[in-house]
Structure formats: structure tokens, C-alpha cells
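Participant: Below you'll find entry-v7.cif; it's mmCIF, C-alpha atoms.
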```cif
data_structure
#
loop_
_atom_site.label_atom_id
_atom_site.label_comp_id
_atom_site.auth_asym_id
_atom_site.auth_seq_id
_atom_site.Cartn_x
_atom_site.Cartn_y
_atom_site.Cartn_z
CA MET A 16 4.63 -21.05 -2.33
CA THR A 17 4.26 -17.45 -3.56
CA ASN A 18 3.04 -14.53 -1.41
CA LEU A 19 -0.34 -14.74 -3.11
CA ASP A 20 -0.63 -18.48 -2.35
CA SER A 21 0.19 -18.06 1.33
CA ALA A 22 -1.96 -14.92 1.71
CA PHE A 23 -5.09 -16.62 0.30
CA GLN A 24 -4.27 -19.82 2.23
CA THR A 25 -3.99 -17.84 5.47
CA LEU A 26 -7.25 -15.94 4.84
CA ALA A 27 -9.09 -19.28 4.39
CA ASP A 28 -9.37 -19.71 8.19
CA PRO A 29 -12.21 -17.93 10.08
CA THR A 30 -10.17 -17.51 13.31
CA ARG A 31 -7.32 -15.88 11.41
CA ARG A 32 -9.76 -13.54 9.62
CA ALA A 33 -11.25 -12.64 13.02
CA ILE A 34 -7.75 -11.92 14.41
CA LEU A 35 -7.10 -9.60 11.45
CA ALA A 36 -10.45 -7.87 12.04
CA ARG A 37 -9.34 -7.27 15.65
CA LEU A 38 -5.90 -5.95 14.63
CA ILE A 39 -7.38 -3.55 12.09
CA GLN A 40 -8.64 -1.59 15.11
CA GLY A 41 -5.07 -1.18 16.33
CA GLU A 42 -2.12 -3.26 17.54
CA ALA A 43 -2.75 -5.74 20.35
CA THR A 44 -0.89 -8.23 22.57
CA VAL A 45 -1.53 -11.99 22.42
CA ASP A 46 -3.71 -11.76 25.57
CA GLU A 47 -5.76 -8.91 24.10
CA ILE A 48 -6.16 -10.78 20.81
CA ARG A 49 -7.11 -14.00 22.61
CA LYS A 50 -9.89 -12.48 24.79
CA PRO A 51 -12.93 -12.82 22.45
CA PHE A 52 -11.98 -16.38 21.40
CA ALA A 53 -12.86 -19.56 23.27
CA ILE A 54 -9.51 -21.13 22.35
CA SER A 55 -6.21 -21.73 24.15
CA GLN A 56 -3.18 -19.44 24.05
CA PRO A 57 -1.02 -22.04 22.19
CA SER A 58 -3.74 -22.23 19.54
CA ILE A 59 -3.88 -18.42 19.15
CA SER A 60 -0.07 -18.35 19.03
CA ARG A 61 -0.09 -20.90 16.21
CA HIS A 62 -2.55 -18.75 14.22
CA LEU A 63 -0.38 -15.66 14.86
CA LYS A 64 2.66 -17.56 13.58
CA VAL A 65 0.82 -18.45 10.34
CA LEU A 66 -0.30 -14.82 9.93
CA GLU A 67 3.26 -13.59 10.50
CA LYS A 68 4.76 -16.14 8.08
CA ALA A 69 2.31 -14.93 5.40
CA GLU A 70 3.52 -11.40 6.28
CA LEU A 71 -0.06 -10.27 7.00
CA ILE A 72 1.00 -9.12 10.50
CA THR A 73 4.25 -8.07 12.21
CA THR A 74 5.46 -8.23 15.82
CA ARG A 75 6.81 -5.19 17.66
CA ILE A 76 9.08 -5.64 20.71
CA GLU A 77 8.22 -3.34 23.63
CA GLY A 78 9.93 -4.42 26.87
CA THR A 79 8.45 -7.82 27.73
CA SER A 80 5.42 -7.17 25.53
CA ARG A 81 5.10 -8.32 21.89
CA PRO A 82 2.20 -6.39 20.33
CA ARG A 83 1.07 -7.54 16.87
CA ARG A 84 -0.06 -5.22 14.10
CA ILE A 85 -1.52 -5.50 10.60
CA GLU A 86 0.97 -5.26 7.74
CA PRO A 87 -1.06 -3.33 5.13
CA ALA A 88 1.46 -3.95 2.32
CA ALA A 89 0.68 -7.68 2.51
CA PHE A 90 -2.89 -7.12 1.38
CA ALA A 91 -1.62 -5.48 -1.82
CA ALA A 92 -1.06 -8.92 -3.39
CA THR A 93 -4.56 -10.35 -2.81
CA ASP A 94 -6.15 -7.01 -3.56
CA GLY A 95 -4.14 -6.59 -6.76
CA TRP A 96 -5.21 -10.01 -7.95
CA LEU A 97 -8.92 -9.40 -7.27
CA LYS A 98 -8.71 -5.90 -8.81
CA GLN A 99 -7.24 -7.33 -12.01
CA TYR A 100 -10.23 -9.66 -12.06
CA HIS A 101 -12.62 -6.71 -11.68
CA ALA A 102 -10.93 -4.79 -14.50
CA ILE A 103 -11.43 -7.73 -16.89
CA TRP A 104 -14.97 -8.23 -15.64
CA LYS A 105 -15.88 -4.57 -16.24
CA ALA A 106 -14.34 -4.76 -19.73
CA ASN A 107 -16.60 -7.78 -20.44
CA TYR A 108 -19.65 -5.80 -19.35
CA ALA A 109 -18.60 -2.82 -21.51
CA ARG A 110 -18.29 -5.18 -24.50
CA LEU A 111 -21.76 -6.59 -23.71
CA ASP A 112 -23.13 -3.01 -23.61
CA ASP A 113 -21.61 -2.38 -27.07
CA VAL A 114 -23.26 -5.53 -28.44
CA LEU A 115 -26.63 -4.54 -26.94
CA ASP A 116 -26.30 -1.02 -28.38
CA GLN A 117 -25.55 -2.50 -31.79
CA LEU A 118 -28.57 -4.84 -31.56
CA ARG A 119 -30.80 -1.88 -30.62
CA GLN A 120 -29.50 0.14 -33.58
CA GLU A 121 -30.13 -2.79 -35.93
CA GLU A 122 -33.69 -3.05 -34.59
CA ASP A 123 -34.25 0.67 -35.22
CA THR A 124 -33.13 0.35 -38.86
CA PRO A 125 -35.02 -2.63 -40.33
CA MET B 13 -16.31 -24.84 5.94
CA THR B 14 -18.06 -21.57 4.96
CA ASN B 15 -18.15 -20.16 1.42
CA LEU B 16 -15.47 -17.65 2.40
CA ASP B 17 -13.19 -20.42 3.73
CA SER B 18 -13.48 -22.52 0.58
CA ALA B 19 -13.23 -19.53 -1.77
CA PHE B 20 -9.94 -18.29 -0.21
CA GLN B 21 -8.67 -21.89 0.03
CA THR B 22 -9.41 -22.44 -3.65
CA LEU B 23 -7.74 -19.16 -4.68
CA ALA B 24 -4.54 -20.20 -2.84
CA ASP B 25 -3.46 -22.37 -5.79
CA PRO B 26 -1.69 -20.73 -8.78
CA THR B 27 -3.09 -23.22 -11.35
CA ARG B 28 -6.64 -22.59 -10.16
CA ARG B 29 -6.08 -18.80 -10.33
CA ALA B 30 -4.74 -19.26 -13.89
CA ILE B 31 -7.82 -21.33 -14.84
CA LEU B 32 -10.06 -18.54 -13.51
CA ALA B 33 -8.04 -15.97 -15.50
CA ARG B 34 -8.69 -18.08 -18.62
CA LEU B 35 -12.43 -18.42 -17.89
CA ILE B 36 -12.83 -14.69 -17.30
CA GLN B 37 -12.30 -14.34 -21.07
CA GLY B 38 -15.31 -16.57 -21.72
CA GLU B 39 -16.51 -20.12 -21.13
CA ALA B 40 -14.23 -22.97 -22.25
CA THR B 41 -14.15 -26.76 -22.45
CA VAL B 42 -11.69 -28.87 -20.41
CA ASP B 43 -9.46 -29.29 -23.50
CA GLU B 44 -9.43 -25.54 -24.15
CA ILE B 45 -8.69 -24.82 -20.49
CA ARG B 46 -5.94 -27.44 -20.41
CA LYS B 47 -4.01 -26.16 -23.49
CA PRO B 48 -1.67 -23.57 -21.88
CA PHE B 49 -0.80 -25.87 -18.94
CA ALA B 50 1.89 -28.56 -18.93
CA ILE B 51 -0.26 -30.84 -16.77
CA SER B 52 -2.42 -33.91 -17.39
CA GLN B 53 -6.16 -33.89 -18.03
CA PRO B 54 -6.96 -35.73 -14.74
CA SER B 55 -5.01 -33.04 -12.89
CA ILE B 56 -6.92 -30.22 -14.64
CA SER B 57 -10.19 -32.07 -13.96
CA ARG B 58 -9.31 -32.26 -10.26
CA HIS B 59 -8.70 -28.48 -10.17
CA LEU B 60 -12.01 -27.87 -11.98
CA LYS B 61 -13.78 -30.04 -9.41
CA VAL B 62 -12.33 -27.95 -6.56
CA LEU B 63 -13.33 -24.71 -8.34
CA GLU B 64 -16.85 -26.05 -8.88
CA LYS B 65 -17.20 -27.23 -5.27
CA ALA B 66 -16.20 -23.72 -4.09
CA GLU B 67 -18.90 -22.45 -6.51
CA LEU B 68 -16.37 -20.23 -8.31
CA ILE B 69 -17.27 -21.89 -11.65
CA THR B 70 -20.27 -23.76 -13.09
CA THR B 71 -20.60 -26.42 -15.81
CA ARG B 72 -22.99 -26.08 -18.73
CA ILE B 73 -24.17 -29.18 -20.63
CA GLU B 74 -24.14 -28.77 -24.41
CA GLY B 75 -24.50 -32.10 -26.24
CA THR B 76 -21.37 -34.09 -25.38
CA SER B 77 -19.50 -30.90 -24.40
CA ARG B 78 -19.24 -29.55 -20.81
CA PRO B 79 -18.06 -25.95 -21.04
CA ARG B 80 -17.10 -24.26 -17.77
CA ARG B 81 -17.80 -20.64 -16.90
CA ILE B 82 -17.01 -18.21 -14.08
CA GLU B 83 -19.71 -17.80 -11.42
CA PRO B 84 -19.43 -14.06 -10.64
CA ALA B 85 -21.68 -14.28 -7.54
CA ALA B 86 -19.06 -16.47 -5.85
CA PHE B 87 -16.54 -13.64 -5.81
CA ALA B 88 -18.98 -11.48 -3.83
CA ALA B 89 -17.93 -13.23 -0.59
CA THR B 90 -14.15 -12.69 -0.89
CA ASP B 91 -14.68 -9.24 -2.30
CA GLY B 92 -17.09 -8.28 0.48
CA TRP B 93 -14.61 -9.39 3.10
CA LEU B 94 -11.71 -7.42 1.58
CA LYS B 95 -13.95 -4.36 1.06
CA GLN B 96 -14.98 -4.38 4.72
CA TYR B 97 -11.28 -4.36 5.52
CA HIS B 98 -10.73 -1.35 3.26
CA ALA B 99 -13.65 0.55 4.81
CA ILE B 100 -12.18 0.11 8.30
CA TRP B 101 -8.73 0.99 7.02
CA LYS B 102 -9.98 4.21 5.43
CA ALA B 103 -11.87 5.10 8.64
CA ASN B 104 -8.59 4.68 10.55
CA TYR B 105 -6.86 7.09 8.19
CA ALA B 106 -9.72 9.62 8.50
CA ARG B 107 -9.42 9.40 12.31
CA LEU B 108 -5.65 9.98 12.01
CA ASP B 109 -6.36 13.05 9.84
CA ASP B 110 -8.71 14.39 12.54
CA VAL B 111 -6.03 13.92 15.21
CA LEU B 112 -3.43 15.68 13.05
CA ASP B 113 -5.84 18.57 12.38
CA GLN B 114 -6.47 18.90 16.11
CA LEU B 115 -2.71 18.90 16.87
CA ARG B 116 -2.20 21.62 14.23
CA GLN B 117 -4.98 23.76 15.74
CA GLU B 118 -3.51 23.34 19.23
CA GLU B 119 -0.12 24.46 17.88
CA ASP B 120 -1.73 27.57 16.34
CA THR B 121 -3.35 28.58 19.69
CA PRO B 122 -0.63 28.40 22.37
#
```
As C-alpha cells, what does this structure read like?
Facilitator:
Amino acid sequence: MTNLDSAFQTLADPTRRAILARLIQGEATVDEIRKPFAISQPSISRHLKVLEKAELITTRIEGTSRPRRIEPAAFAATDGWLKQYHAIWKANYARLDDVLDQLRQEEDTP
Amino acid sequence: MTNLDSAFQTLADPTRRAILARLIQGEATVDEIRKPFAISQPSISRHLKVLEKAELITTRIEGTSRPRRIEPAAFAATDGWLKQYHAIWKANYARLDDVLDQLRQEEDTP
């Protein structure tokens, strides 16, 4: 499984996306992350493990506390893939514009 | 499963991403799509079914031919989600800049 596979796979879960949305506001402990969710701590911990394995988050050790934070570099892969898609898409539109311009010119010169 | 769930889930497979990369160049039949891959037609058909169920592609009926094409609207969901992430990320950086500016000003006025 490549980074891109595991990143997209990990983002396919709404709880994990919600955890990321929470962590984007700053690092947080498991208890802080868990608060807005109506799910158990083992369940949150499982999601955090998946997020960490996909390298979308990292754990910092601070005494007995283990705050989690977003790993921005991890989003480079998914973002890069979607950007490449946009570049090709824009190029297609530009080509369409050229064709339309040509059709207009042909109409003007019967 | 929401659109966002199934879109990310579908993008987590390298063959499906490669099929999308092919279709971005224009619509293609199953045989045309299959050519660059060393996999069977039933396997390609299964991937196409997943892509269609996630509404990332659509099928056009043309006589006995069934060309597939990209459904650009489907990418709006994944793109919107990642964009939201970027907006928050940029806001975080702007806030950091403000803090740094303030620290600099405090240093200048002892």
C-alpha cells in the first residue's frame, strides 16, 4: 500500500476527518479529541492509530501526556494528486476555448 | 456512506486512480481503458463499477459501445474538503505571523 493509498483510505472515514478537523486547530490529547464524539476511548484510539499509520498525524510525548498533532507533509501526497488532476482539467478547458474561438472565427468568415 | 466517504474510498486504489488519469484525457471504451493494464476485463469492469457507484465516472450509450467519461462534479466533494483544510491551515499561519509581529514590536519597545 503506497502513501497515497493509505492517505485516501484513511480520509474515507467521517470520524477520522472530524478528528483531523479538530487537530487543525492545534494539538490535542486523546481526551480532548474524544470530547465532541459519542464514541468510546478505545474506538477513538483505534482511529488515532490508523491516522498515525497513514502518517497524517504524529504523537508528541510530554510527561504522561501524549498530544497528537497534524502532520502537514502527509497531505502533500493527496493534494499533489488532486492538483495534477486540476492541471489536466484546466488544459482541457483551454483546448475547448481554442476550439470555440476557431469555430467563432470560421462563422465570421463564411 | 456519504459521497465524500465513497469518493476517498474509491481514490484509495492505484488502478482506479490510473483509470481516472486515462479518462481525464477524454472518454474511452472498456477495451481502450483496459489496454495499458496487465489485468483481465472482468477486473477492469469491477473497478469501473466502483468508480461509477462513487459517481466519479458516467457511462454513455452509443450503439453497442459504452464509453466512460469523468464526472467532474464528483471531485467537488473531495476538493471542497481539502480546500477547507487549506483555508484553516493558512489562517493558522496568518495568526502565527500576527504573534511574531507582536513579539517583534514588544522587543522594539522595552
Participant: So how far away is atom CA of A:Phe23 from atom CA of A:Pro82, in Å?
Facilitator: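 Between atom CA of A:Pro82 and atom CA of A:Phe23 the gap works out to 23.6 Å.
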Participant: What residues in chain A have any atom no more than 6 Å from chain B when counting all atoms listed in the file, and can you write them as a PyMOL selection string?
Facilitator: chain A and resi 20+23-24+27-28
Participant: Report as an NGL selection string all protein, DNA and RNA residues lying within 12 Å of A:Arg81, evaluated on only C-alpha atoms, omitting residues in the same chain fewer than 5 positions from it.
Facilitator: :A and (42-48 or 60 or 63 or 73-76)
Participant: Have a look at atom CA of B:Glu83 and atom CA of B:Leu68 and let me know their distance in Å, one decimal.
Facilitator: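 Value for the atom CA of B:Glu83-atom CA of B:Leu68 distance: 5.2 Å.
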Participant: As a PDB file with C-alpha atoms, in the coordinates of the input, please: chain A after a least-squares superposition onto chain B using all C-alpha atoms matched in order.
Facilitator:
```
ATOM      1  CA  MET A  16     -16.367 -25.034   5.958  1.00  0.00           C
ATOM      2  CA  THR A  17     -18.161 -21.796   5.006  1.00  0.00           C
ATOM      3  CA  ASN A  18     -18.285 -20.334   1.473  1.00  0.00           C
ATOM      4  CA  LEU A  19     -15.664 -17.788   2.476  1.00  0.00           C
ATOM      5  CA  ASP A  20     -13.331 -20.522   3.791  1.00  0.00           C
ATOM      6  CA  SER A  21     -13.573 -22.609   0.632  1.00  0.00           C
ATOM      7  CA  ALA A  22     -13.355 -19.578  -1.690  1.00  0.00           C
ATOM      8  CA  PHE A  23     -10.111 -18.308  -0.096  1.00  0.00           C
ATOM      9  CA  GLN A  24      -8.774 -21.886   0.130  1.00  0.00           C
ATOM     10  CA  THR A  25      -9.461 -22.418  -3.577  1.00  0.00           C
ATOM     11  CA  LEU A  26      -7.851 -19.093  -4.570  1.00  0.00           C
ATOM     12  CA  ALA A  27      -4.652 -20.103  -2.702  1.00  0.00           C
ATOM     13  CA  ASP A  28      -3.512 -22.235  -5.678  1.00  0.00           C
ATOM     14  CA  PRO A  29      -1.737 -20.535  -8.639  1.00  0.00           C
ATOM     15  CA  THR A  30      -3.077 -23.034 -11.234  1.00  0.00           C
ATOM     16  CA  ARG A  31      -6.645 -22.464 -10.080  1.00  0.00           C
ATOM     17  CA  ARG A  32      -6.156 -18.672 -10.215  1.00  0.00           C
ATOM     18  CA  ALA A  33      -4.775 -19.067 -13.754  1.00  0.00           C
ATOM     19  CA  ILE A  34      -7.818 -21.175 -14.752  1.00  0.00           C
ATOM     20  CA  LEU A  35     -10.104 -18.422 -13.424  1.00  0.00           C
ATOM     21  CA  ALA A  36      -8.111 -15.803 -15.355  1.00  0.00           C
ATOM     22  CA  ARG A  37      -8.702 -17.887 -18.507  1.00  0.00           C
ATOM     23  CA  LEU A  38     -12.442 -18.299 -17.828  1.00  0.00           C
ATOM     24  CA  ILE A  39     -12.919 -14.583 -17.222  1.00  0.00           C
ATOM     25  CA  GLN A  40     -12.352 -14.195 -20.974  1.00  0.00           C
ATOM     26  CA  GLY A  41     -15.322 -16.457 -21.655  1.00  0.00           C
ATOM     27  CA  GLU A  42     -16.476 -20.041 -21.096  1.00  0.00           C
ATOM     28  CA  ALA A  43     -14.150 -22.833 -22.211  1.00  0.00           C
ATOM     29  CA  THR A  44     -13.999 -26.642 -22.444  1.00  0.00           C
ATOM     30  CA  VAL A  45     -11.527 -28.726 -20.415  1.00  0.00           C
ATOM     31  CA  ASP A  46      -9.265 -29.070 -23.496  1.00  0.00           C
ATOM     32  CA  GLU A  47      -9.311 -25.314 -24.109  1.00  0.00           C
ATOM     33  CA  ILE A  48      -8.590 -24.619 -20.438  1.00  0.00           C
ATOM     34  CA  ARG A  49      -5.792 -27.203 -20.367  1.00  0.00           C
ATOM     35  CA  LYS A  50      -3.879 -25.860 -23.421  1.00  0.00           C
ATOM     36  CA  PRO A  51      -1.588 -23.245 -21.764  1.00  0.00           C
ATOM     37  CA  PHE A  52      -0.707 -25.568 -18.847  1.00  0.00           C
ATOM     38  CA  ALA A  53       2.025 -28.199 -18.846  1.00  0.00           C
ATOM     39  CA  ILE A  54      -0.111 -30.538 -16.725  1.00  0.00           C
ATOM     40  CA  SER A  55      -2.224 -33.633 -17.392  1.00  0.00           C
ATOM     41  CA  GLN A  56      -5.965 -33.664 -18.059  1.00  0.00           C
ATOM     42  CA  PRO A  57      -6.739 -35.565 -14.792  1.00  0.00           C
ATOM     43  CA  SER A  58      -4.849 -32.857 -12.907  1.00  0.00           C
ATOM     44  CA  ILE A  59      -6.794 -30.042 -14.634  1.00  0.00           C
ATOM     45  CA  SER A  60     -10.027 -31.954 -13.981  1.00  0.00           C
ATOM     46  CA  ARG A  61      -9.184 -32.161 -10.279  1.00  0.00           C
ATOM     47  CA  HIS A  62      -8.615 -28.380 -10.150  1.00  0.00           C
ATOM     48  CA  LEU A  63     -11.924 -27.811 -11.992  1.00  0.00           C
ATOM     49  CA  LYS A  64     -13.694 -30.017  -9.444  1.00  0.00           C
ATOM     50  CA  VAL A  65     -12.277 -27.932  -6.559  1.00  0.00           C
ATOM     51  CA  LEU A  66     -13.315 -24.707  -8.325  1.00  0.00           C
ATOM     52  CA  GLU A  67     -16.822 -26.076  -8.903  1.00  0.00           C
ATOM     53  CA  LYS A  68     -17.173 -27.299  -5.299  1.00  0.00           C
ATOM     54  CA  ALA A  69     -16.245 -23.787  -4.093  1.00  0.00           C
ATOM     55  CA  GLU A  70     -18.941 -22.542  -6.518  1.00  0.00           C
ATOM     56  CA  LEU A  71     -16.419 -20.268  -8.274  1.00  0.00           C
ATOM     57  CA  ILE A  72     -17.276 -21.902 -11.634  1.00  0.00           C
ATOM     58  CA  THR A  73     -20.226 -23.825 -13.113  1.00  0.00           C
ATOM     59  CA  THR A  74     -20.503 -26.469 -15.843  1.00  0.00           C
ATOM     60  CA  ARG A  75     -22.887 -26.127 -18.784  1.00  0.00           C
ATOM     61  CA  ILE A  76     -23.996 -29.232 -20.731  1.00  0.00           C
ATOM     62  CA  GLU A  77     -23.957 -28.778 -24.519  1.00  0.00           C
ATOM     63  CA  GLY A  78     -24.236 -32.105 -26.374  1.00  0.00           C
ATOM     64  CA  THR A  79     -21.071 -34.033 -25.508  1.00  0.00           C
ATOM     65  CA  SER A  80     -19.281 -30.838 -24.493  1.00  0.00           C
ATOM     66  CA  ARG A  81     -19.066 -29.523 -20.902  1.00  0.00           C
ATOM     67  CA  PRO A  82     -17.938 -25.881 -21.081  1.00  0.00           C
ATOM     68  CA  ARG A  83     -17.017 -24.231 -17.765  1.00  0.00           C
ATOM     69  CA  ARG A  84     -17.785 -20.633 -16.871  1.00  0.00           C
ATOM     70  CA  ILE A  85     -17.050 -18.208 -14.036  1.00  0.00           C
ATOM     71  CA  GLU A  86     -19.764 -17.868 -11.398  1.00  0.00           C
ATOM     72  CA  PRO A  87     -19.550 -14.137 -10.569  1.00  0.00           C
ATOM     73  CA  ALA A  88     -21.830 -14.412  -7.511  1.00  0.00           C
ATOM     74  CA  ALA A  89     -19.196 -16.580  -5.803  1.00  0.00           C
ATOM     75  CA  PHE A  90     -16.717 -13.720  -5.714  1.00  0.00           C
ATOM     76  CA  ALA A  91     -19.207 -11.623  -3.728  1.00  0.00           C
ATOM     77  CA  ALA A  92     -18.157 -13.385  -0.503  1.00  0.00           C
ATOM     78  CA  THR A  93     -14.389 -12.784  -0.766  1.00  0.00           C
ATOM     79  CA  ASP A  94     -14.944  -9.324  -2.167  1.00  0.00           C
ATOM     80  CA  GLY A  95     -17.413  -8.431   0.583  1.00  0.00           C
ATOM     81  CA  TRP A  96     -14.947  -9.515   3.229  1.00  0.00           C
ATOM     82  CA  LEU A  97     -12.053  -7.497   1.763  1.00  0.00           C
ATOM     83  CA  LYS A  98     -14.334  -4.471   1.213  1.00  0.00           C
ATOM     84  CA  GLN A  99     -15.386  -4.523   4.865  1.00  0.00           C
ATOM     85  CA  TYR A 100     -11.685  -4.461   5.684  1.00  0.00           C
ATOM     86  CA  HIS A 101     -11.167  -1.429   3.426  1.00  0.00           C
ATOM     87  CA  ALA A 102     -14.086   0.432   5.012  1.00  0.00           C
ATOM     88  CA  ILE A 103     -12.561  -0.005   8.489  1.00  0.00           C
ATOM     89  CA  TRP A 104      -9.125   0.885   7.167  1.00  0.00           C
ATOM     90  CA  LYS A 105     -10.388   4.118   5.576  1.00  0.00           C
ATOM     91  CA  ALA A 106     -12.199   5.007   8.819  1.00  0.00           C
ATOM     92  CA  ASN A 107      -8.864   4.568  10.668  1.00  0.00           C
ATOM     93  CA  TYR A 108      -7.162   6.933   8.234  1.00  0.00           C
ATOM     94  CA  ALA A 109      -9.982   9.492   8.607  1.00  0.00           C
ATOM     95  CA  ARG A 110      -9.544   9.327  12.400  1.00  0.00           C
ATOM     96  CA  LEU A 111      -5.773   9.815  11.956  1.00  0.00           C
ATOM     97  CA  ASP A 112      -6.485  12.872   9.753  1.00  0.00           C
ATOM     98  CA  ASP A 113      -8.702  14.301  12.532  1.00  0.00           C
ATOM     99  CA  VAL A 114      -5.926  13.799  15.094  1.00  0.00           C
ATOM    100  CA  LEU A 115      -3.366  15.459  12.797  1.00  0.00           C
ATOM    101  CA  ASP A 116      -5.740  18.382  12.171  1.00  0.00           C
ATOM    102  CA  GLN A 117      -6.203  18.789  15.913  1.00  0.00           C
ATOM    103  CA  LEU A 118      -2.422  18.713  16.500  1.00  0.00           C
ATOM    104  CA  ARG A 119      -1.943  21.373  13.796  1.00  0.00           C
ATOM    105  CA  GLN A 120      -4.613  23.581  15.384  1.00  0.00           C
ATOM    106  CA  GLU A 121      -2.978  23.199  18.802  1.00  0.00           C
ATOM    107  CA  GLU A 122       0.365  24.212  17.274  1.00  0.00           C
ATOM    108  CA  ASP A 123      -1.226  27.315  15.730  1.00  0.00           C
ATOM    109  CA  THR A 124      -2.646  28.419  19.103  1.00  0.00           C
ATOM    110  CA  PRO A 125       0.223  28.210  21.620  1.00  0.00           C
TER     111      PRO A 125
END
```
Participant: With only C-alpha atoms as the counted atoms, please give the residues lying no more than 12 Å from B:Phe49, apart from itself and same-chain residues fewer than 6 positions off, as a PyMOL selection string.
Facilitator: chain B and resi 26-28+30-31+34+42-43+55-56
Participant: Just how far from atom CA of B:Gly75 is atom CA of B:Ala50, in Å to one decimal?
Facilitator: 27.6 Å
